[in-house]
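Worksheet: one structure, shown below.
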Amino acid sequence: MSPKHVVFKKVSRDKSVAVYMARRDFVDHCDHVDPVDGVVVIDPLQLKGQKVYVMLSCTFRYGRQDMDVMGVAFRRDLFLVTRQVYPELQDKEKLTHTKIQEKLLRKLGDNAYPFFFEFPDNLPCSVALQPGPSDVGKKCAVEFEVKAFRAEDQGENINKQSSVRLAIRKIQFSPENSQVVPEADMTFEFLMSEKPLHVKLSLTKETFYHGEPVKANVEITNSSSRNIKDISVSVEQVTNVVLYSNDKYVKSVAKEETCDCVPAGTSLKKEYTLYPLLAYNKERRGLALDGRLKHEDTNLASSSIVKQEVLKEVQGMLVSYKVVVRMMASGESDDMVFEEFKRAYLKGVIGDDEESPTDA
């Protein structure tokens, strides 16, 4: 028995245009990005001589949609490309790139037409800041969308009744490099103390995937005359909104506070396990999340990987992570900040009532 493929379907209100897509997550593999492909089904009787177009867009949104007034722009299109699918400008065979497209075209009949887009190298991945409980309607996000519509010309205003929009995601994947073992060390010197305090921090690997615990090895050699106490280790998410406001959000996503102490002239070597999961940070305003599809849960955002010769401003938001060790030394708080580490994840997609999955 052959396995069934889940296909996402969405139909315009006037039933003139429908979009079918086999997936809504498209992965950036660093060296290439999965192309966007699907099939549009039309009703020739309703078109009345109009053309059918498909649009792929990437938009940075900052604030509520209803606040885009008085010439103040709260959104910017980072990428926009429109292609005509009907009447055909090329043979269907030339626009058909995947087996699932071929299968859908056979099943949906003569009024089905394929579409195909490739992402440029400079686009960011889907990311959104988590609103607070009272932030109704407020949004700061990088979003991707496929839109199909009928019109006399692609430049005219789009009628909502005869258009269909399907949200998609571009997500980051980072291959694991097992040869890299991140570590950092720092030396603190104190007044009235001849010898210093030495702290070393290392992680088991460089790349962590969603759901994985982060194990941090801390080594403290206290040759000073100060007593060290109240050691804490945390994973912090750093988000820079670089397109409009240059805002910066630093949020702790996992933290372990201890009563561990290192008296003068002693040492400590200990492994701390942290769990940076969205499940423990549901109410935290300002956390960066992987782009969320309708009625679907998501994850903490993956680290941004900015490719060479790409302007950071075009990315909208940049996300990174760091591990921080804090401790108290004779009434002073001393921080040692460790370098960022990557997070990446691949997951399946579940449809909702309006964007219903069907079997292909």
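Ligands are numbered from 1 in the order shown, residues from 1 within each chain, and chains are lettered A, B, ... in the order they appear in the structure tokens.
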Tell me, as a PDB file with N, CA and C atoms, in the first residue's frame, which residues lie within 9 Å of Glu194 in chain A, counting only C-alpha atoms; anything in the same chain fewer than 2 positions away does not count.
ATOM      1  N   GLU A 189      40.462  39.424  38.197  1.00  0.00           N
ATOM      2  CA  GLU A 189      41.424  39.840  39.221  1.00  0.00           C
ATOM      3  C   GLU A 189      40.746  40.809  40.171  1.00  0.00           C
ATOM      4  N   PHE A 190      41.047  40.676  41.450  1.00  0.00           N
ATOM      5  CA  PHE A 190      40.411  41.491  42.478  1.00  0.00           C
ATOM      6  C   PHE A 190      41.455  42.320  43.213  1.00  0.00           C
ATOM      7  N   LEU A 191      41.000  43.471  43.725  1.00  0.00           N
ATOM      8  CA  LEU A 191      41.870  44.276  44.570  1.00  0.00           C
ATOM      9  C   LEU A 191      42.164  43.533  45.878  1.00  0.00           C
ATOM     10  N   MET A 192      43.330  43.726  46.366  1.00  0.00           N
ATOM     11  CA  MET A 192      43.758  43.120  47.642  1.00  0.00           C
ATOM     12  C   MET A 192      43.838  41.596  47.553  1.00  0.00           C
ATOM     13  N   PRO A 196      44.336  35.322  40.891  1.00  0.00           N
ATOM     14  CA  PRO A 196      43.039  35.584  40.256  1.00  0.00           C
ATOM     15  C   PRO A 196      42.037  34.451  40.440  1.00  0.00           C
ATOM     16  N   SER A 223      41.712  30.890  42.964  1.00  0.00           N
ATOM     17  CA  SER A 223      42.989  31.109  43.654  1.00  0.00           C
ATOM     18  C   SER A 223      43.019  32.433  44.396  1.00  0.00           C
ATOM     19  N   SER A 224      41.925  33.181  44.315  1.00  0.00           N
ATOM     20  CA  SER A 224      41.869  34.497  44.963  1.00  0.00           C
ATOM     21  C   SER A 224      41.544  34.349  46.444  1.00  0.00           C
ATOM     22  N   SER A 225      41.442  35.501  47.079  1.00  0.00           N
ATOM     23  CA  SER A 225      41.081  35.521  48.501  1.00  0.00           C
ATOM     24  C   SER A 225      39.590  35.757  48.709  1.00  0.00           C
TER      25      SER A 225
END
Could you give me the residues within range 38-165 of chain A that DSSP places in strand (DSSP E or B), as a compact mmCIF listing (two decimals) with N, CA and C atoms, in the first residue's frame?
# COMPACT_ATOMS: atom_id res chain seq x y z
N GLY A 38 3.40 24.23 -6.29
CA GLY A 38 2.02 23.86 -6.02
C GLY A 38 1.21 23.88 -7.30
N VAL A 39 -0.11 23.81 -7.13
CA VAL A 39 -1.03 23.76 -8.27
C VAL A 39 -2.20 24.70 -7.99
N VAL A 40 -2.62 25.44 -9.02
CA VAL A 40 -3.80 26.30 -8.95
C VAL A 40 -4.89 25.70 -9.82
N VAL A 41 -6.10 25.60 -9.25
CA VAL A 41 -7.27 25.12 -10.00
C VAL A 41 -8.22 26.31 -10.22
N ILE A 42 -8.67 26.49 -11.44
CA ILE A 42 -9.52 27.63 -11.78
C ILE A 42 -10.88 27.17 -12.25
N LYS A 51 -7.31 37.01 -16.17
CA LYS A 51 -6.13 36.17 -16.02
C LYS A 51 -6.00 35.72 -14.56
N VAL A 52 -5.18 34.68 -14.34
CA VAL A 52 -4.92 34.18 -13.00
C VAL A 52 -3.43 34.29 -12.72
N TYR A 53 -3.11 34.85 -11.55
CA TYR A 53 -1.72 35.05 -11.15
C TYR A 53 -1.46 34.37 -9.81
N VAL A 54 -0.19 34.03 -9.58
CA VAL A 54 0.26 33.53 -8.28
C VAL A 54 1.41 34.42 -7.82
N MET A 55 1.35 34.82 -6.54
CA MET A 55 2.34 35.73 -5.98
C MET A 55 3.03 35.09 -4.78
N LEU A 56 4.35 35.23 -4.69
CA LEU A 56 5.11 34.83 -3.50
C LEU A 56 5.68 36.09 -2.88
N SER A 57 5.41 36.29 -1.58
CA SER A 57 5.86 37.52 -0.92
C SER A 57 6.52 37.21 0.41
N CYS A 58 7.47 38.08 0.78
CA CYS A 58 8.11 38.07 2.10
C CYS A 58 7.94 39.47 2.66
N THR A 59 7.29 39.58 3.82
CA THR A 59 6.93 40.87 4.38
C THR A 59 7.44 41.01 5.80
N PHE A 60 7.99 42.17 6.11
CA PHE A 60 8.33 42.50 7.50
C PHE A 60 7.22 43.37 8.05
N ARG A 61 6.61 42.92 9.13
CA ARG A 61 5.48 43.64 9.73
C ARG A 61 5.86 44.10 11.13
N TYR A 62 5.58 45.39 11.42
CA TYR A 62 5.94 45.94 12.72
C TYR A 62 4.76 46.75 13.24
N ARG A 75 4.75 48.16 7.60
CA ARG A 75 5.12 46.93 6.92
C ARG A 75 5.99 47.27 5.71
N ARG A 76 6.81 46.32 5.33
CA ARG A 76 7.64 46.51 4.15
C ARG A 76 7.79 45.16 3.44
N ASP A 77 7.61 45.18 2.13
CA ASP A 77 7.80 43.97 1.33
C ASP A 77 9.29 43.79 1.07
N LEU A 78 9.86 42.71 1.62
CA LEU A 78 11.27 42.41 1.39
C LEU A 78 11.47 41.69 0.06
N PHE A 79 10.43 41.00 -0.38
CA PHE A 79 10.52 40.25 -1.64
C PHE A 79 9.11 40.06 -2.18
N LEU A 80 8.95 40.26 -3.49
CA LEU A 80 7.64 40.11 -4.10
C LEU A 80 7.83 39.72 -5.56
N VAL A 81 7.23 38.60 -5.95
CA VAL A 81 7.31 38.16 -7.35
C VAL A 81 5.94 37.59 -7.73
N THR A 82 5.47 37.97 -8.93
CA THR A 82 4.16 37.54 -9.42
C THR A 82 4.33 36.87 -10.77
N ARG A 83 3.62 35.75 -10.96
CA ARG A 83 3.70 35.03 -12.23
C ARG A 83 2.30 34.67 -12.71
N GLN A 84 2.12 34.78 -14.00
CA GLN A 84 0.84 34.43 -14.61
C GLN A 84 0.80 32.92 -14.86
N VAL A 85 -0.30 32.30 -14.39
CA VAL A 85 -0.46 30.86 -14.60
C VAL A 85 -1.56 30.54 -15.61
N TYR A 86 -2.46 31.52 -15.83
CA TYR A 86 -3.53 31.30 -16.81
C TYR A 86 -3.91 32.65 -17.43
N ALA A 112 -6.33 22.58 -13.94
CA ALA A 112 -5.27 22.71 -12.95
C ALA A 112 -3.98 23.17 -13.64
N TYR A 113 -3.28 24.11 -13.00
CA TYR A 113 -2.07 24.67 -13.57
C TYR A 113 -0.98 24.75 -12.50
N PRO A 114 0.26 24.34 -12.83
CA PRO A 114 1.33 24.33 -11.82
C PRO A 114 1.97 25.71 -11.67
N PHE A 115 2.58 25.94 -10.49
CA PHE A 115 3.41 27.13 -10.29
C PHE A 115 4.67 26.73 -9.53
N PHE A 116 5.71 27.54 -9.68
CA PHE A 116 7.03 27.19 -9.13
C PHE A 116 7.81 28.49 -8.87
N PHE A 117 8.33 28.62 -7.64
CA PHE A 117 9.15 29.78 -7.27
C PHE A 117 10.43 29.30 -6.60
N VAL A 127 10.15 34.49 11.26
CA VAL A 127 10.37 34.74 12.69
C VAL A 127 9.33 35.75 13.16
N ALA A 128 8.89 35.62 14.42
CA ALA A 128 7.89 36.53 14.98
C ALA A 128 8.18 36.74 16.45
N LEU A 129 7.96 37.96 16.94
CA LEU A 129 8.09 38.22 18.37
C LEU A 129 6.80 37.84 19.08
N CYS A 140 5.00 41.75 15.36
CA CYS A 140 6.29 42.08 14.77
C CYS A 140 6.83 40.77 14.21
N ALA A 141 6.90 40.68 12.87
CA ALA A 141 7.20 39.38 12.28
C ALA A 141 7.74 39.53 10.87
N VAL A 142 8.48 38.50 10.44
CA VAL A 142 8.84 38.30 9.04
C VAL A 142 7.98 37.15 8.55
N GLU A 143 7.13 37.42 7.55
CA GLU A 143 6.13 36.45 7.11
C GLU A 143 6.26 36.16 5.62
N PHE A 144 5.92 34.93 5.24
CA PHE A 144 5.89 34.52 3.83
C PHE A 144 4.47 34.10 3.48
N GLU A 145 4.11 34.35 2.22
CA GLU A 145 2.74 34.06 1.80
C GLU A 145 2.70 33.74 0.32
N VAL A 146 1.84 32.77 -0.03
CA VAL A 146 1.51 32.49 -1.43
C VAL A 146 0.08 32.97 -1.65
N LYS A 147 -0.09 33.78 -2.68
CA LYS A 147 -1.41 34.33 -2.99
C LYS A 147 -1.75 34.05 -4.45
N ALA A 148 -2.95 33.54 -4.69
CA ALA A 148 -3.46 33.35 -6.05
C ALA A 148 -4.68 34.24 -6.22
N PHE A 149 -4.82 34.87 -7.40
CA PHE A 149 -5.93 35.79 -7.62
C PHE A 149 -6.22 35.91 -9.11
N ARG A 150 -7.43 36.37 -9.42
CA ARG A 150 -7.80 36.62 -10.81
C ARG A 150 -7.97 38.13 -11.00
N ALA A 151 -7.52 38.63 -12.14
CA ALA A 151 -7.60 40.06 -12.41
C ALA A 151 -7.36 40.29 -13.90
N SER A 163 -9.63 35.96 -4.47
CA SER A 163 -8.22 35.67 -4.19
C SER A 163 -8.12 34.69 -3.02
N VAL A 164 -7.00 34.02 -2.93
CA VAL A 164 -6.77 33.05 -1.86
C VAL A 164 -5.34 33.22 -1.36
N ARG A 165 -5.18 33.21 -0.05
CA ARG A 165 -3.87 33.43 0.56
C ARG A 165 -3.53 32.24 1.44
Task: Nearest residue to Val241 in chain A from the set A:Val6, A:Leu318, A:Cys125, A:Leu104 (distances using only C-alpha atoms) - done: A:Leu318
Open item on the list: I need the residues of range 90-295 of chain A that end up classed as helix (DSSP H, G or I) by DSSP on the backbone, written out as number ranges by chain.
Closed with: A: 92-95, 99-108, 160-162, 278-280
Would you save the residues from that selection as a short mmCIF file (atom, residue, chain, number, x, y, z; two decimals), in the first residue's frame, using N, CA, C and O atoms?
data_model
loop_
_atom_site.label_atom_id
_atom_site.label_comp_id
_atom_site.auth_asym_id
_atom_site.auth_seq_id
_atom_site.Cartn_x
_atom_site.Cartn_y
_atom_site.Cartn_z
N LYS A 92 2.65 23.19 -19.58
CA LYS A 92 2.58 22.67 -18.21
C LYS A 92 3.79 21.82 -17.87
O LYS A 92 4.28 21.83 -16.73
N GLU A 93 4.28 21.09 -18.86
CA GLU A 93 5.42 20.20 -18.60
C GLU A 93 6.65 20.99 -18.15
O GLU A 93 7.42 20.55 -17.30
N LYS A 94 6.85 22.20 -18.70
CA LYS A 94 8.01 23.00 -18.34
C LYS A 94 7.89 23.61 -16.94
O LYS A 94 8.89 23.94 -16.31
N LEU A 95 6.66 23.79 -16.45
CA LEU A 95 6.42 24.37 -15.12
C LEU A 95 6.23 23.31 -14.05
O LEU A 95 6.06 23.64 -12.88
N LYS A 99 7.12 15.44 -8.43
CA LYS A 99 6.20 14.33 -8.64
C LYS A 99 4.82 14.61 -8.07
O LYS A 99 3.80 14.19 -8.63
N ILE A 100 4.77 15.32 -6.94
CA ILE A 100 3.47 15.61 -6.34
C ILE A 100 2.68 16.56 -7.24
O ILE A 100 1.45 16.47 -7.34
N GLN A 101 3.37 17.49 -7.94
CA GLN A 101 2.68 18.34 -8.91
C GLN A 101 2.09 17.50 -10.04
O GLN A 101 0.94 17.70 -10.45
N GLU A 102 2.89 16.55 -10.56
CA GLU A 102 2.40 15.68 -11.62
C GLU A 102 1.16 14.90 -11.17
O GLU A 102 0.18 14.78 -11.91
N LYS A 103 1.19 14.42 -9.95
CA LYS A 103 0.07 13.64 -9.43
C LYS A 103 -1.17 14.51 -9.26
O LYS A 103 -2.30 14.09 -9.58
N LEU A 104 -0.98 15.73 -8.75
CA LEU A 104 -2.11 16.64 -8.57
C LEU A 104 -2.71 17.05 -9.92
O LEU A 104 -3.94 17.14 -10.06
N LEU A 105 -1.85 17.30 -10.91
CA LEU A 105 -2.36 17.68 -12.23
C LEU A 105 -3.20 16.57 -12.86
O LEU A 105 -4.23 16.83 -13.49
N ARG A 106 -2.76 15.32 -12.67
CA ARG A 106 -3.55 14.20 -13.20
C ARG A 106 -4.88 14.07 -12.47
O ARG A 106 -5.92 13.79 -13.09
N LYS A 107 -4.86 14.30 -11.18
CA LYS A 107 -6.07 14.11 -10.37
C LYS A 107 -7.07 15.26 -10.54
O LYS A 107 -8.29 15.03 -10.56
N LEU A 108 -6.57 16.50 -10.67
CA LEU A 108 -7.45 17.67 -10.66
C LEU A 108 -7.96 18.06 -12.04
O LEU A 108 -8.83 18.92 -12.16
N LYS A 160 -10.74 40.63 -2.72
CA LYS A 160 -10.61 39.59 -1.70
C LYS A 160 -11.51 38.39 -1.99
O LYS A 160 -11.18 37.26 -1.62
N GLN A 161 -12.65 38.62 -2.63
CA GLN A 161 -13.57 37.53 -2.92
C GLN A 161 -12.99 36.54 -3.92
O GLN A 161 -13.31 35.36 -3.89
N SER A 162 -12.13 37.03 -4.81
CA SER A 162 -11.59 36.18 -5.87
C SER A 162 -10.09 35.93 -5.69
O SER A 162 -9.38 35.72 -6.65
N LEU A 278 10.10 26.58 24.44
CA LEU A 278 9.00 27.54 24.43
C LEU A 278 7.93 27.16 25.45
O LEU A 278 7.25 28.03 26.00
N ALA A 279 7.80 25.87 25.73
CA ALA A 279 6.78 25.41 26.68
C ALA A 279 6.95 26.06 28.06
O ALA A 279 5.97 26.24 28.79
N TYR A 280 8.18 26.43 28.41
CA TYR A 280 8.44 27.07 29.69
C TYR A 280 8.43 28.59 29.61
O TYR A 280 8.69 29.27 30.60
#
Using only C-alpha atoms, tabulate the residues of range 161-209 of chain A lying at most 12 Å from any atom of range 252-264 of chain A, each with its closest atom pair and that distance in Å to one decimal, by chain and increasing residue number, as CSV.
residue,atom,partner,partner_atom,distance
A:Ser193,CA,A:Ala264,CA,10.4
A:Glu194,CA,A:Ala264,CA,11.9
A:Lys195,CA,A:Ala264,CA,10.2
A:Pro196,CA,A:Ala264,CA,10.3
A:Leu197,CA,A:Ala264,CA,9.2
A:His198,CA,A:Val262,CA,11.5
A:Val199,CA,A:Val262,CA,11.3
Task: Of the listed residues A:Gly211, A:Gly286, A:Pro120, A:Gly155, that which approaches Val33 in chain A most closely, counting only C-alpha atoms - done: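 Ranking A:Gly211, A:Gly286, A:Pro120, A:Gly155 by distance to Val33 in chain A, first place goes to A:Pro120.
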- [ ] Take CA of Asp290 in chain A and CA of Ser126 in chain A and report the distance between them in Å, one decimal.
- [x] 5.9 Å
- [ ] Using only C-alpha atoms, find the one residue out of A:Gln90, A:Ser330, A:Ser12, A:Thr273 that sits nearest to Lys229 in chain A.
- [x] A:Ser330
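Each of A:Gln46, A:Gln237, A:Ser232, A:Ser302 was checked against Leu287 in chain A using only C-alpha atoms; the smallest atom-to-atom distance is that of A:Gln237.
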Open item on the list: So that I can check the surroundings of range 20-28 of chain A, please list as a PyMOL selection string every protein, DNA and RNA residue that reaches within 6 Å of it, counting only C-alpha atoms and ignoring chain neighbours fewer than 6 positions away.
Closed with: chain A and resi 7-9+34+38-39+168-173
Open item on the list: As an exercise, work out the distance from CA of Asp121 in chain A to CA of Ala167 in chain A in Å and give it to one decimal place.
Closed with: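 Spanning CA of Asp121 in chain A to CA of Ala167 in chain A is a straight-line distance of 20.1 Å.
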- [ ] Using CA of Phe119 in chain A and CA of Ser303 in chain A as the two end points, give the distance in Å to one decimal.
- [x]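 Taking CA of Phe119 in chain A and CA of Ser303 in chain A, their separation equals 19.1 Å.
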